[in-house]
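Peer 1: What follows is upload_23.pdb, PDB, N, CA and C atoms.
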ATOM      1  N   MET Y   1      13.145  12.924   5.247
ATOM      2  CA  MET Y   1      11.776  13.024   4.771
ATOM      3  C   MET Y   1      11.234  11.610   4.548
ATOM      4  N   SER Y   2       9.948  11.442   4.813
ATOM      5  CA  SER Y   2       9.319  10.143   4.596
ATOM      6  C   SER Y   2       8.240  10.269   3.524
ATOM      7  N   TYR Y   3       7.924   9.146   2.914
ATOM      8  CA  TYR Y   3       6.947   9.089   1.836
ATOM      9  C   TYR Y   3       5.877   8.076   2.216
ATOM     10  N   THR Y   4       4.635   8.547   2.333
ATOM     11  CA  THR Y   4       3.530   7.685   2.724
ATOM     12  C   THR Y   4       2.603   7.488   1.541
ATOM     13  N   TYR Y   5       2.293   6.230   1.280
ATOM     14  CA  TYR Y   5       1.425   5.859   0.171
ATOM     15  C   TYR Y   5       0.129   5.267   0.712
ATOM     16  N   LYS Y   6      -0.977   5.700   0.128
ATOM     17  CA  LYS Y   6      -2.301   5.190   0.493
ATOM     18  C   LYS Y   6      -2.751   4.263  -0.627
ATOM     19  N   ILE Y   7      -3.090   3.026  -0.273
ATOM     20  CA  ILE Y   7      -3.510   2.025  -1.237
ATOM     21  C   ILE Y   7      -4.990   1.742  -1.025
ATOM     22  N   THR Y   8      -5.759   1.828  -2.102
ATOM     23  CA  THR Y   8      -7.185   1.556  -2.078
ATOM     24  C   THR Y   8      -7.512   0.611  -3.230
ATOM     25  N   ILE Y   9      -8.328  -0.389  -2.952
ATOM     26  CA  ILE Y   9      -8.822  -1.276  -4.005
ATOM     27  C   ILE Y   9     -10.247  -0.839  -4.283
ATOM     28  N   LEU Y  10     -10.478  -0.301  -5.465
ATOM     29  CA  LEU Y  10     -11.780   0.264  -5.795
ATOM     30  C   LEU Y  10     -12.835  -0.830  -5.920
ATOM     31  N   GLY Y  11     -13.966  -0.612  -5.263
ATOM     32  CA  GLY Y  11     -15.098  -1.514  -5.361
ATOM     33  C   GLY Y  11     -15.080  -2.697  -4.424
ATOM     34  N   MET Y  12     -14.067  -2.795  -3.569
ATOM     35  CA  MET Y  12     -14.047  -3.901  -2.612
ATOM     36  C   MET Y  12     -13.256  -3.497  -1.374
ATOM     37  N   PRO Y  13     -13.571  -4.127  -0.232
ATOM     38  CA  PRO Y  13     -12.845  -3.793   0.998
ATOM     39  C   PRO Y  13     -11.427  -4.345   0.984
ATOM     40  N   MET Y  14     -10.557  -3.716   1.733
ATOM     41  CA  MET Y  14      -9.184  -4.173   1.897
ATOM     42  C   MET Y  14      -9.176  -5.380   2.826
ATOM     43  N   ASP Y  15      -8.402  -6.390   2.489
ATOM     44  CA  ASP Y  15      -8.248  -7.554   3.367
ATOM     45  C   ASP Y  15      -7.433  -7.109   4.575
ATOM     46  N   ASN Y  16      -8.091  -7.061   5.738
ATOM     47  CA  ASN Y  16      -7.378  -6.606   6.931
ATOM     48  C   ASN Y  16      -7.093  -7.760   7.894
ATOM     49  N   SER Y  17      -6.991  -8.978   7.362
ATOM     50  CA  SER Y  17      -6.710 -10.132   8.216
ATOM     51  C   SER Y  17      -5.247 -10.195   8.644
ATOM     52  N   GLU Y  18      -4.362  -9.513   7.921
ATOM     53  CA  GLU Y  18      -2.956  -9.438   8.318
ATOM     54  C   GLU Y  18      -2.373  -8.105   7.876
ATOM     55  N   CYS Y  19      -1.478  -7.587   8.666
ATOM     56  CA  CYS Y  19      -0.827  -6.320   8.362
ATOM     57  C   CYS Y  19       0.671  -6.574   8.269
ATOM     58  N   PRO Y  20       1.290  -6.324   7.168
ATOM     59  CA  PRO Y  20       0.750  -5.724   5.945
ATOM     60  C   PRO Y  20      -0.011  -6.745   5.117
ATOM     61  N   PRO Y  21      -0.981  -6.263   4.334
ATOM     62  CA  PRO Y  21      -1.688  -7.176   3.437
ATOM     63  C   PRO Y  21      -0.764  -7.624   2.300
ATOM     64  N   ALA Y  22      -1.076  -8.736   1.703
ATOM     65  CA  ALA Y  22      -0.227  -9.315   0.653
ATOM     66  C   ALA Y  22      -0.013  -8.366  -0.524
ATOM     67  N   ILE Y  23      -0.970  -7.498  -0.789
ATOM     68  CA  ILE Y  23      -0.841  -6.597  -1.933
ATOM     69  C   ILE Y  23       0.358  -5.652  -1.795
ATOM     70  N   ILE Y  24       0.773  -5.348  -0.574
ATOM     71  CA  ILE Y  24       1.935  -4.473  -0.359
ATOM     72  C   ILE Y  24       3.184  -5.081  -0.987
ATOM     73  N   TYR Y  25       3.365  -6.385  -0.844
ATOM     74  CA  TYR Y  25       4.538  -7.059  -1.396
ATOM     75  C   TYR Y  25       4.522  -7.061  -2.924
ATOM     76  N   VAL Y  26       3.327  -7.030  -3.515
ATOM     77  CA  VAL Y  26       3.195  -6.986  -4.969
ATOM     78  C   VAL Y  26       3.432  -5.564  -5.472
ATOM     79  N   LEU Y  27       2.843  -4.584  -4.814
ATOM     80  CA  LEU Y  27       2.994  -3.188  -5.233
ATOM     81  C   LEU Y  27       4.407  -2.663  -5.037
ATOM     82  N   PHE Y  28       5.035  -3.073  -3.942
ATOM     83  CA  PHE Y  28       6.371  -2.595  -3.590
ATOM     84  C   PHE Y  28       7.287  -3.802  -3.384
ATOM     85  N   PRO Y  29       7.873  -4.352  -4.455
ATOM     86  CA  PRO Y  29       8.695  -5.561  -4.330
ATOM     87  C   PRO Y  29       9.848  -5.440  -3.339
ATOM     88  N   GLY Y  30      10.314  -4.238  -3.073
ATOM     89  CA  GLY Y  30      11.402  -4.040  -2.125
ATOM     90  C   GLY Y  30      10.943  -3.830  -0.695
ATOM     91  N   TYR Y  31       9.658  -4.043  -0.425
ATOM     92  CA  TYR Y  31       9.119  -3.832   0.923
ATOM     93  C   TYR Y  31       9.882  -4.677   1.933
ATOM     94  N   ALA Y  32      10.335  -4.017   3.000
ATOM     95  CA  ALA Y  32      11.152  -4.710   4.002
ATOM     96  C   ALA Y  32      10.672  -4.429   5.420
ATOM     97  N   GLY Y  33       9.352  -4.431   5.614
ATOM     98  CA  GLY Y  33       8.811  -4.259   6.955
ATOM     99  C   GLY Y  33       8.605  -2.824   7.389
ATOM    100  N   GLU Y  34       8.541  -1.906   6.441
ATOM    101  CA  GLU Y  34       8.278  -0.515   6.788
ATOM    102  C   GLU Y  34       6.908  -0.391   7.449
ATOM    103  N   PRO Y  35       6.701   0.687   8.235
ATOM    104  CA  PRO Y  35       5.442   0.848   8.971
ATOM    105  C   PRO Y  35       4.229   0.919   8.042
ATOM    106  N   CYS Y  36       3.157   0.260   8.452
ATOM    107  CA  CYS Y  36       1.907   0.349   7.701
ATOM    108  C   CYS Y  36       0.740   0.398   8.677
ATOM    109  N   GLU Y  37      -0.354   0.973   8.197
ATOM    110  CA  GLU Y  37      -1.610   1.022   8.936
ATOM    111  C   GLU Y  37      -2.685   0.499   8.009
ATOM    112  N   LEU Y  38      -3.616  -0.261   8.567
ATOM    113  CA  LEU Y  38      -4.588  -0.965   7.750
ATOM    114  C   LEU Y  38      -5.993  -0.771   8.292
ATOM    115  N   SER Y  39      -6.947  -0.555   7.377
ATOM    116  CA  SER Y  39      -8.364  -0.505   7.732
ATOM    117  C   SER Y  39      -9.134  -1.278   6.671
ATOM    118  N   ASN Y  40     -10.458  -1.333   6.812
ATOM    119  CA  ASN Y  40     -11.278  -2.005   5.794
ATOM    120  C   ASN Y  40     -11.275  -1.252   4.467
ATOM    121  N   LYS Y  41     -11.040   0.063   4.520
ATOM    122  CA  LYS Y  41     -11.122   0.892   3.316
ATOM    123  C   LYS Y  41      -9.800   1.035   2.588
ATOM    124  N   ASP Y  42      -8.679   1.095   3.323
ATOM    125  CA  ASP Y  42      -7.399   1.352   2.679
ATOM    126  C   ASP Y  42      -6.240   0.918   3.562
ATOM    127  N   CYS Y  43      -5.058   1.100   3.031
ATOM    128  CA  CYS Y  43      -3.831   0.784   3.754
ATOM    129  C   CYS Y  43      -2.837   1.893   3.461
ATOM    130  N   THR Y  44      -2.075   2.299   4.451
ATOM    131  CA  THR Y  44      -0.994   3.245   4.219
ATOM    132  C   THR Y  44       0.322   2.584   4.605
ATOM    133  N   VAL Y  45       1.346   2.900   3.848
ATOM    134  CA  VAL Y  45       2.682   2.385   4.122
ATOM    135  C   VAL Y  45       3.668   3.540   3.945
ATOM    136  N   THR Y  46       4.646   3.636   4.848
ATOM    137  CA  THR Y  46       5.589   4.746   4.854
ATOM    138  C   THR Y  46       7.006   4.244   4.626
ATOM    139  N   PHE Y  47       7.670   4.876   3.658
ATOM    140  CA  PHE Y  47       9.051   4.552   3.312
ATOM    141  C   PHE Y  47       9.946   5.755   3.577
ATOM    142  N   ASP Y  48      11.236   5.510   3.776
ATOM    143  CA  ASP Y  48      12.208   6.588   3.939
ATOM    144  C   ASP Y  48      12.579   7.230   2.615
ATOM    145  N   THR Y  49      12.423   6.485   1.528
ATOM    146  CA  THR Y  49      12.744   7.002   0.199
ATOM    147  C   THR Y  49      11.523   6.869  -0.703
ATOM    148  N   GLU Y  50      11.482   7.688  -1.742
ATOM    149  CA  GLU Y  50      10.369   7.633  -2.675
ATOM    150  C   GLU Y  50      10.375   6.295  -3.412
ATOM    151  N   GLN Y  51       9.192   5.721  -3.610
ATOM    152  CA  GLN Y  51       9.044   4.429  -4.258
ATOM    153  C   GLN Y  51       8.228   4.572  -5.542
ATOM    154  N   THR Y  52       8.415   3.640  -6.454
ATOM    155  CA  THR Y  52       7.589   3.565  -7.653
ATOM    156  C   THR Y  52       6.795   2.268  -7.565
ATOM    157  N   PRO Y  53       5.499   2.370  -7.251
ATOM    158  CA  PRO Y  53       4.698   1.147  -7.115
ATOM    159  C   PRO Y  53       4.469   0.487  -8.468
ATOM    160  N   VAL Y  54       4.294  -0.823  -8.454
ATOM    161  CA  VAL Y  54       3.946  -1.583  -9.650
ATOM    162  C   VAL Y  54       2.523  -1.196 -10.043
ATOM    163  N   ASP Y  55       2.286  -0.995 -11.332
ATOM    164  CA  ASP Y  55       0.960  -0.639 -11.828
ATOM    165  C   ASP Y  55       0.107  -1.904 -11.922
ATOM    166  N   LEU Y  56      -0.903  -2.004 -11.084
ATOM    167  CA  LEU Y  56      -1.797  -3.158 -11.083
ATOM    168  C   LEU Y  56      -3.124  -2.858 -11.768
ATOM    169  N   GLY Y  57      -3.190  -1.769 -12.482
ATOM    170  CA  GLY Y  57      -4.392  -1.430 -13.223
ATOM    171  C   GLY Y  57      -5.267  -0.425 -12.506
ATOM    172  N   PRO Y  58      -6.392  -0.098 -13.113
ATOM    173  CA  PRO Y  58      -7.234   0.986 -12.607
ATOM    174  C   PRO Y  58      -7.993   0.680 -11.321
ATOM    175  N   LEU Y  59      -8.089  -0.575 -10.926
ATOM    176  CA  LEU Y  59      -8.836  -0.893  -9.707
ATOM    177  C   LEU Y  59      -7.998  -0.781  -8.444
ATOM    178  N   VAL Y  60      -6.686  -0.672  -8.582
ATOM    179  CA  VAL Y  60      -5.808  -0.502  -7.424
ATOM    180  C   VAL Y  60      -5.224   0.910  -7.504
ATOM    181  N   LYS Y  61      -5.645   1.746  -6.570
ATOM    182  CA  LYS Y  61      -5.236   3.148  -6.555
ATOM    183  C   LYS Y  61      -4.139   3.346  -5.505
ATOM    184  N   VAL Y  62      -3.010   3.914  -5.933
ATOM    185  CA  VAL Y  62      -1.891   4.205  -5.025
ATOM    186  C   VAL Y  62      -1.647   5.706  -5.087
ATOM    187  N   GLU Y  63      -1.778   6.363  -3.927
ATOM    188  CA  GLU Y  63      -1.600   7.823  -3.861
ATOM    189  C   GLU Y  63      -0.460   8.152  -2.912
ATOM    190  N   LEU Y  64       0.375   9.093  -3.285
ATOM    191  CA  LEU Y  64       1.374   9.632  -2.378
ATOM    192  C   LEU Y  64       0.682  10.718  -1.559
ATOM    193  N   ILE Y  65       0.644  10.545  -0.227
ATOM    194  CA  ILE Y  65      -0.056  11.536   0.608
ATOM    195  C   ILE Y  65       0.919  12.285   1.488
TER     196      ILE Y  65
END
Will you turn the file into structure tokens for me?
Peer 2:
Amino acid sequence: MSYTYKITILGMPMDNSECPPAIIYVLFPGYAGEPCELSNKDCTVTFDTEQTPVDLGPLVKVELI
């Protein structure tokens, strides 16, 4: 089973100049090159195991989809 997380920064566009964006490394310190997809609105990243993202406050929304 895989676990896909959708990351949205409320009130501003996602930096899509590089994939993965730098915020992935902050939210998931154990990130090791797992697949991600990036747009101006959000980013999704898929892991083989369930992850606990770092809480960056109310403006960074992380959803398990």
Peer 1: Pull out every residue that the PyMOL selection byres (((chain Y and resi 56-61 and name CA) around 7) and name CA) matches in the shown coordinates and put them as a list in words.
Peer 2: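 Selected by the PyMOL selection byres (((chain Y and resi 56-61 and name CA) around 7) and name CA) here: Ile7, Thr8, Ile9, Leu10, Val54, Asp55, Val62 and Glu63 of chain Y.
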Peer 1: Which residues fall under the PyMOL selection byres ((chain Y and resi 34) around 6.5) in this file, as a list in words?
Peer 2: Tyr31, Ala32, Gly33, Pro35, Cys36, Val45, Thr46 and Phe47 of chain Y
Peer 1: Starting from the PyMOL selection byres (((chain Y and resi 2 and name CA) around 6) and name CA), expand the selection into actual residues of this file and give them as a ChimeraX atom specification.
Peer 2: /Y:1,3,47-48
Peer 1: Could those residues be written to a file, using N, CA and C atoms, as a short mmCIF file (atom, residue, chain, number, x, y, z; two decimals), in the frame of the given file?
Peer 2:
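The result, stored in selection.cif:
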data_model
loop_
_atom_site.label_atom_id
_atom_site.label_comp_id
_atom_site.auth_asym_id
_atom_site.auth_seq_id
_atom_site.Cartn_x
_atom_site.Cartn_y
_atom_site.Cartn_z
N MET Y 1 13.14 12.92 5.25
CA MET Y 1 11.78 13.02 4.77
C MET Y 1 11.23 11.61 4.55
N TYR Y 3 7.92 9.15 2.91
CA TYR Y 3 6.95 9.09 1.84
C TYR Y 3 5.88 8.08 2.22
N PHE Y 47 7.67 4.88 3.66
CA PHE Y 47 9.05 4.55 3.31
C PHE Y 47 9.95 5.76 3.58
N ASP Y 48 11.24 5.51 3.78
CA ASP Y 48 12.21 6.59 3.94
C ASP Y 48 12.58 7.23 2.62
#
Peer 1: Which one of Y:Pro20, Y:Phe28, Y:Gly11, Y:Lys6 sits closest to Y:Gln51 if you count all atoms listed in the file?
Peer 2: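 The shortest atom-to-atom distance to Y:Gln51 comes from Y:Phe28.
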Peer 1: Could you tell me how far atom C of Y:Glu50 sits from atom CA of Y:Met14, in Å to one decimal place?
Peer 2: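 These two atoms are separated by 22.8 Å.
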Peer 1: Give the alpha helix (DSSP H) residues of stretch 6-60 of chain Y, as DSSP finds them on the backbone, and put them as a ChimeraX atom specification.
Peer 2: /Y:22-27
Peer 1: Looking at Y:Val26, Y:Leu64, Y:Pro53, Y:Lys41, which one is nearest to Y:Thr4, with distances taken over only C-alpha atoms?
Peer 2: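 So, comparing all the options, the nearest one is Y:Leu64.
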Peer 1: Can you list, as a list in words, every residue of chain Y that DSSP puts in strand (DSSP E)?
Peer 2: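 Result set for chain Y (strand (DSSP E)): Tyr3, Thr4, Tyr5, Lys6, Ile7, Thr8, Ile9, Cys36, Glu37, Leu38, Cys43, Thr44, Val45, Thr46, Phe47, Val60, Lys61, Val62, Glu63 and Leu64 of chain Y.
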Peer 1: Taking all atoms listed in the file into account, which of Y:Ile65, Y:Asn40, Y:Thr52, Y:Pro29 comes nearest Y:Met12?
Peer 2: Y:Asn40
Peer 1: When you draw a straight line from atom CA of Y:Thr49 to atom CA of Y:Ser17, how long is it in Å?
Peer 2: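 Interatomic distance here is 27.1 Å.
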Peer 1: Pick the closest to Y:Asp42 from Y:Pro13, Y:Gly30, Y:Glu18, Y:Tyr25: which is it, counting only C-alpha atoms?
Peer 2: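 So, comparing all the options, the nearest one is Y:Pro13.
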